[in-house]
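Below you'll find the structure, written out as structure tokens, and then a few comments.
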Amino acid sequence: MANGPRSDGDPREPISRGAGARQRVLQAALQVLDEHGLAGFTMEAVARRASASKATVYRHWPTAGALLVDAMDATFQPFPVPDTGRVETDVAQLLTAFVTLLDRTPFPRLLAAFIDAAERDPTLATLHADLTRRRREPLLIALTRARERGQLPHHLDPELSIDLLTSPFFYRRFVAHQPIPPRLVDDVIAHVLGTGGRLPAGGERQ
């Protein structure tokens, strides 16, 4: 990552004030991280992608790490928590949304680069832990609600259950580099929650 700013006579216009301009730089930062990974994530590259002055980018974010923190935080869009009345369908909807995120968006590449950076920077590690906690929250709500309704055993540990429900998808995508089978969502639910039966692809029982 780049060190401090330097005066290089960059002729480009500085970032205008306002949330829209800030969002433009954050979007540029995500694009650079997606295309070039952590090694190519520099203030110069982000400024060039955003058509902004490098010195002005530094006035908003003193380091590339600070910019990366804000850019990754801006990617967070919480999944709506479904309430179908059945824990199987609630969890199936959330896991299906997660699979879509893994299969059809740049999220996996961004996350892989961010995890790499978090291993080296305690500030990024803290943000990564916070983002992970927030991404887990919809499942935590669904499982806790189901336990309170008597749909799951009272002794069930929701946090451990979330680990078990999501791990197969992370493993296939980031470790094994294998496609996620269409039936994996309901198979994982049946095994982890012990609900029995199989859910069809849409998450509804036939």
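As shown in the structure tokens, the chain order sets the letters A, B, ...; within each chain, residues go from 1, and ligands are also counted from 1 in the order they appear.
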
Shell around A:Thr100 at 12 Å using only C-alpha atoms, local window under 2 positions removed, as a list of chain:residue names: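 Once the nearby chain positions are removed, what remains is A:Phe79, A:Gln93, A:Leu94, A:Leu95, A:Thr96, A:Ala97, A:Phe98, A:Leu102, A:Asp103, A:Arg104, A:Thr105, A:Pro106, A:Phe107, A:Pro108, A:Phe169, A:Arg173, A:Pro179, A:Ile180, A:Pro182, A:Val185.
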
DSSP-assigned alpha helix (DSSP H) members of stretch 13-148 of chain A, reported as a PyMOL selection string: chain A and resi 19-36+43-50+54-60+64-74+87-104+107-118+122-148

Best match for closeness to A:Met43 among A:Ala64, A:Val175, A:Ala55, A:Val25, counting only C-alpha atoms: A:Ala64

Which residues of stretch 21-134 of chain A come within 9 Å of stretch 144-164 of chain A, and what is each one's closest atom pair and distance in Å (one decimal), counting only C-alpha atoms, sorted by chain and residue number, as a Markdown table?
```
| residue | atom | partner | partner_atom | distance |
| --- | --- | --- | --- | --- |
| A:Gly85 | CA | A:Ala146 | CA | 8.4 |
| A:Arg86 | CA | A:Ala146 | CA | 7.7 |
| A:Val87 | CA | A:Ala146 | CA | 5.8 |
```

If you keep N, CA, C and O atoms, can you produce a file of those selected residues as a short mmCIF file (atom, residue, chain, number, x, y, z; two decimals), in the first residue's frame?
```
data_model
loop_
_atom_site.label_atom_id
_atom_site.label_comp_id
_atom_site.auth_asym_id
_atom_site.auth_seq_id
_atom_site.Cartn_x
_atom_site.Cartn_y
_atom_site.Cartn_z
N GLY A 85 -42.63 -18.09 9.17
CA GLY A 85 -43.26 -18.95 10.16
C GLY A 85 -42.62 -20.32 10.24
O GLY A 85 -42.94 -21.10 11.14
N ARG A 86 -41.68 -20.61 9.32
CA ARG A 86 -40.98 -21.91 9.33
C ARG A 86 -39.49 -21.66 9.27
O ARG A 86 -39.01 -20.95 8.39
N VAL A 87 -38.78 -22.26 10.19
CA VAL A 87 -37.35 -22.01 10.25
C VAL A 87 -36.65 -22.51 8.99
O VAL A 87 -35.68 -21.90 8.52
#
```

Interatomic distance, atom CA of A:Pro138 to atom CA of A:Leu124 (Å, one decimal):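 A separation of 22.9 Å between them.
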
Of the listed residues A:Gly40, A:Gln23, A:His177, A:Asp116, that which approaches A:Ala74 most closely, counting only C-alpha atoms: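 Among A:Gly40, A:Gln23, A:His177, A:Asp116, it is A:Gln23 that comes nearest to A:Ala74.
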
Among listed residues A:Gln178, A:Thr63, A:Thr126, A:Gln27, nearest A:Ser51 (using only C-alpha atoms): A:Gln27

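Relative to atom CA of A:Val69, atom CA of A:Asp130 is found at 11.2 Å.
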
Once you count only C-alpha atoms, what closest atom pair and distance in Å to one decimal does each residue of stretch 31-71 of chain A within 6 Å of stretch 110-113 of chain A have, with rows by chain and rising residue number, as JSON lines?
```
{"residue": "A:Asp34", "atom": "CA", "partner": "A:Leu110", "partner_atom": "CA", "distance": 5.6}
{"residue": "A:Gly37", "atom": "CA", "partner": "A:Ala113", "partner_atom": "CA", "distance": 5.7}
{"residue": "A:Leu38", "atom": "CA", "partner": "A:Ala113", "partner_atom": "CA", "distance": 5.5}
```

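The gap separating atom CA of A:Asp90 from atom CA of A:Leu139 is 8.5 Å, in Å to one decimal.
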
Test item: residues at most 9 Å from A:Ala39, only C-alpha atoms, excluding those fewer than 3 positions along its chain, as a list in words: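 Near A:Ala39, the qualifying residues are Met1, Leu33, His36, Thr42 and Ala113 of chain A.
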
Grab the residues selected above and save them as an mmCIF file, in the first residue's frame with N, CA and C atoms.
```cif
data_model
loop_
_atom_site.group_PDB
_atom_site.id
_atom_site.type_symbol
_atom_site.label_atom_id
_atom_site.label_comp_id
_atom_site.auth_asym_id
_atom_site.auth_seq_id
_atom_site.Cartn_x
_atom_site.Cartn_y
_atom_site.Cartn_z
ATOM 1 N N MET A 1 0.839 -1.191 0.000
ATOM 2 C CA MET A 1 0.000 0.000 0.000
ATOM 3 C C MET A 1 0.878 1.246 0.000
ATOM 4 N N LEU A 33 -9.637 -2.852 -6.199
ATOM 5 C CA LEU A 33 -9.397 -4.049 -5.394
ATOM 6 C C LEU A 33 -9.867 -5.297 -6.121
ATOM 7 N N HIS A 36 -7.317 -5.747 -9.330
ATOM 8 C CA HIS A 36 -5.873 -5.851 -9.128
ATOM 9 C C HIS A 36 -5.473 -6.461 -7.785
ATOM 10 N N THR A 42 -3.542 0.906 -4.489
ATOM 11 C CA THR A 42 -2.773 2.072 -4.069
ATOM 12 C C THR A 42 -3.629 3.321 -4.223
ATOM 13 N N ALA A 113 -9.315 -10.574 -0.961
ATOM 14 C CA ALA A 113 -8.282 -9.543 -0.835
ATOM 15 C C ALA A 113 -8.333 -8.887 0.530
#
```

Non-local contacts of A:Ala47 (8 Å; only C-alpha atoms; under 5 positions in same chain excluded) as a list in words: Val25, Ala28, Ala52, Ser53, Lys54 and Val57 of chain A
